[in-house]
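These notes concern the structure reproduced below.
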Amino acid sequence: MSRLAFSLFLSVQVVLVVPAFAQFVPLPEKYESPQLSVRESNSDLVTSPSVPVEEMPRSPQLRATRPTVATRSTAIPRPPDGFYQTPDEVYPWMDTVARARPDRVRLLRLGQSSQGRAMWAMEIRPAGRTPAKLKRLAVICRQHGNEPEATASGTRFAAQFLAAATPQARVLAEKVILLVVPIANPDGAARYQRRTAQNIDMNRDWGHNHSPEVRALTQMVKSWKPQLVIDNHQWLPFEKMPPPMAEASGGQLARGVAQNMSMSNAARGFYLAARSRWGLDSLCHRFWGQRFGVPAVLLETRHRPSVQGARAQAIEQALSALWAATKTLGR
Ligand SMILES: [Zn+2]
């Protein structure tokens with residue numbers, strides 16, 4: 001289907017799926033993203049970089065639900081594998097996982113997009129452990145709606161982390177609490193377009209807060225307090241794009257994570273450059289790293305059309321990098 005036809009198809013679907021979305025609110029209580037004016041939200045955020053993130057207030061809404069009944073034997077359903085990775089493919093999968101593993105998974109409603117689509121995060125924690133003793137990893141995927149492989153790798157990583165099929169993964173899943181936002185830009189993802197429905201490039205909006213999506217994600221990071229943020233992207237499927245890379249911001253941990261992402265990729269025969277740059281801080285990773293000292297890494301995988309299996313390779317590269325990040329944080 002052409003992009004135009006697909007967009008038209010989805011714009012019709014949006015009307016049709018609203019009741020389904022309304023039904024798909026199984027766990028959290030309703031949480032409205034803070035409707036701050038730009039000036040207010042800027043003054044809230046543009047604080048001295050020396051303000052430790054630990055002093056930021058926790059949002060009680062983000063702790064509204066807790067894992068309850070232990071049902072460890074239920075199989076974890078496979079994440080959807082369609083090319084477009086739309087919200088109405090991915091959100092029902094998240095719901096199924098949360099229902100299958102209520103002892104370890106909860107869904108957090110972070111807010112909503114400018115067109116009213118919910119923004120969901122999936123939190124995965126070890127059963128019966130005190131969250132305060134765990135390392136906290138947040139993975140934000142798909143600020144750009146036309147980067148569906150970022151969602152695909154985010155959901156697969158969540159599924160692998162939950163399944164913990166290897167001894168090493170089991171050790172990490174006992175030490176780390178994971179928060180994955182598979183679709184940071186639901187309106188863009190529904191239309192396969194880079195920007196939000198308000199025509200905002202989210203990854204130039206951090207600190208400006210013109211979009212409700214960035215406001216909701218900012219609140220999430222401040223409330224959930226990750227020790228490491230990964231911002232998961234992909235270079236678009238054109239031949240002349242830079243090589244895959246991990247760019248660190250916010251100190252030694254972030255630099256170590258980027259290095260280990262690169263080495264982990266190299267061990268699988270993939271090239272992924274590790275770097276660290278100071279600059280434009282309306283990008284997610286630099287916003288947290290430069291302004292608040294929260295270790296953050298931008299991950300860009302590459303999809304080259306001339307390479308057979310390019311999509312699968314890009315997802316594999318991201319998965320390898322995300323596990324390397326988890327390992328670095330969890331040790
Ligand atoms: Zn991107």
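Letters A, B, ... mark the chains of the structure tokens in the order given; residue numbers begin at 1 per chain; ligand numbers begin at 1, in order shown.
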Ligand 1 neighbours within 7 Å using only C-alpha atoms and all ligand atoms, as a list in words = Arg142, Gln143, His144, Glu147, His233, Gln234 and Trp235 of chain A
Dump N, CA and C atoms for the selected residues as an mmCIF file, in the first residue's frame?
```cif
data_model
loop_
_atom_site.group_PDB
_atom_site.id
_atom_site.type_symbol
_atom_site.label_atom_id
_atom_site.label_comp_id
_atom_site.auth_asym_id
_atom_site.auth_seq_id
_atom_site.Cartn_x
_atom_site.Cartn_y
_atom_site.Cartn_z
ATOM 1 N N ARG A 142 10.628 5.532 19.237
ATOM 2 C CA ARG A 142 9.757 6.059 18.189
ATOM 3 C C ARG A 142 9.190 7.442 18.464
ATOM 4 N N GLN A 143 10.055 8.377 18.807
ATOM 5 C CA GLN A 143 9.607 9.766 18.788
ATOM 6 C C GLN A 143 9.259 10.187 17.371
ATOM 7 N N HIS A 144 9.895 9.521 16.404
ATOM 8 C CA HIS A 144 9.605 9.794 14.999
ATOM 9 C C HIS A 144 8.723 8.663 14.467
ATOM 10 N N GLU A 147 9.637 5.636 12.022
ATOM 11 C CA GLU A 147 10.754 4.759 12.381
ATOM 12 C C GLU A 147 10.208 3.517 13.106
ATOM 13 N N HIS A 233 15.987 5.086 18.081
ATOM 14 C CA HIS A 233 15.612 5.579 16.736
ATOM 15 C C HIS A 233 16.171 4.655 15.665
ATOM 16 N N GLN A 234 15.815 4.964 14.411
ATOM 17 C CA GLN A 234 16.479 4.320 13.274
ATOM 18 C C GLN A 234 16.723 5.379 12.201
ATOM 19 N N TRP A 235 17.851 5.256 11.518
ATOM 20 C CA TRP A 235 18.023 6.071 10.321
ATOM 21 C C TRP A 235 17.024 5.589 9.282
#
```
Which residues of segment 133-200 of chain A have any atom within 9 Å of an atom in segment 104-126 of chain A when counting only C-alpha atoms, and what is the closest pair of atoms for each, with the distance in Å to one decimal? Order the rows by chain and rising number and write it as JSON lines.
```
{"residue": "A:Leu134", "atom": "CA", "partner": "A:Arg125", "partner_atom": "CA", "distance": 8.6}
{"residue": "A:Ala138", "atom": "CA", "partner": "A:Glu123", "partner_atom": "CA", "distance": 9.0}
{"residue": "A:Ile140", "atom": "CA", "partner": "A:Ala121", "partner_atom": "CA", "distance": 8.9}
{"residue": "A:Ala158", "atom": "CA", "partner": "A:Ile124", "partner_atom": "CA", "distance": 7.7}
{"residue": "A:Phe161", "atom": "CA", "partner": "A:Ile124", "partner_atom": "CA", "distance": 8.1}
{"residue": "A:Leu162", "atom": "CA", "partner": "A:Ile124", "partner_atom": "CA", "distance": 6.8}
{"residue": "A:Ala173", "atom": "CA", "partner": "A:Pro126", "partner_atom": "CA", "distance": 6.3}
{"residue": "A:Glu174", "atom": "CA", "partner": "A:Pro126", "partner_atom": "CA", "distance": 5.4}
{"residue": "A:Lys175", "atom": "CA", "partner": "A:Pro126", "partner_atom": "CA", "distance": 7.7}
{"residue": "A:Val176", "atom": "CA", "partner": "A:Arg125", "partner_atom": "CA", "distance": 7.0}
{"residue": "A:Ile177", "atom": "CA", "partner": "A:Arg125", "partner_atom": "CA", "distance": 4.6}
{"residue": "A:Leu178", "atom": "CA", "partner": "A:Ile124", "partner_atom": "CA", "distance": 5.1}
{"residue": "A:Leu179", "atom": "CA", "partner": "A:Glu123", "partner_atom": "CA", "distance": 4.4}
{"residue": "A:Val180", "atom": "CA", "partner": "A:Met122", "partner_atom": "CA", "distance": 5.2}
{"residue": "A:Val181", "atom": "CA", "partner": "A:Ala121", "partner_atom": "CA", "distance": 4.4}
{"residue": "A:Pro182", "atom": "CA", "partner": "A:Ala121", "partner_atom": "CA", "distance": 7.0}
{"residue": "A:Ile183", "atom": "CA", "partner": "A:Met119", "partner_atom": "CA", "distance": 7.2}
{"residue": "A:Ala184", "atom": "CA", "partner": "A:Met119", "partner_atom": "CA", "distance": 6.8}
{"residue": "A:Asn185", "atom": "CA", "partner": "A:Ser113", "partner_atom": "CA", "distance": 7.3}
{"residue": "A:Pro186", "atom": "CA", "partner": "A:Arg117", "partner_atom": "CA", "distance": 6.4}
{"residue": "A:Asp187", "atom": "CA", "partner": "A:Ser113", "partner_atom": "CA", "distance": 6.6}
{"residue": "A:Thr196", "atom": "CA", "partner": "A:Ser114", "partner_atom": "CA", "distance": 8.0}
{"residue": "A:Ala197", "atom": "CA", "partner": "A:Ser114", "partner_atom": "CA", "distance": 6.7}
{"residue": "A:Gln198", "atom": "CA", "partner": "A:Ser114", "partner_atom": "CA", "distance": 7.0}
```
Name the residues of segment 130-172 of chain A that fall into strand (DSSP E) according to DSSP on the backbone, using the chain letters and numbers of this document, as a PyMOL selection string.
-> chain A and resi 135-141
For C-alpha atoms, I'd like the residues from the last selection saved as a short mmCIF file (atom, residue, chain, number, x, y, z; two decimals), in the first residue's frame.
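Dumped to again26.cif:
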```
data_model
loop_
_atom_site.label_atom_id
_atom_site.label_comp_id
_atom_site.auth_asym_id
_atom_site.auth_seq_id
_atom_site.Cartn_x
_atom_site.Cartn_y
_atom_site.Cartn_z
CA LYS A 135 18.45 -0.29 38.74
CA ARG A 136 15.99 1.66 36.63
CA LEU A 137 16.21 1.63 32.82
CA ALA A 138 13.82 3.63 30.62
CA VAL A 139 13.67 2.95 26.88
CA ILE A 140 11.82 5.52 24.79
CA CYS A 141 11.06 4.33 21.27
#
```
Selected residue, from A:Val221, A:Ala189, A:Leu319, A:Ile76, that lies nearest to Cys284 of chain A when counting only C-alpha atoms = A:Val221
Hey, can you check how far atom CA of Tyr192 of chain A sits from atom CA of Glu149 of chain A?
->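 Pair atom CA of Tyr192 of chain A / atom CA of Glu149 of chain A returns 11.6 Å.
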Residues of segment 239-319 of chain A in alpha helix (DSSP H) according to DSSP, as an MDAnalysis selection string?
-> chainID A and resid 252:267 284:286 292 310:319
Determine, counting only C-alpha atoms, which protein, DNA and RNA residues have an atom within 12 Å of an atom of Leu272 of chain A; residues of the same chain fewer than 3 positions away are not included. Present the result as a VMD selection string.
-> chain A and resid 242 to 247 258 to 269 275 298 to 302 314 316 to 318 320 to 321
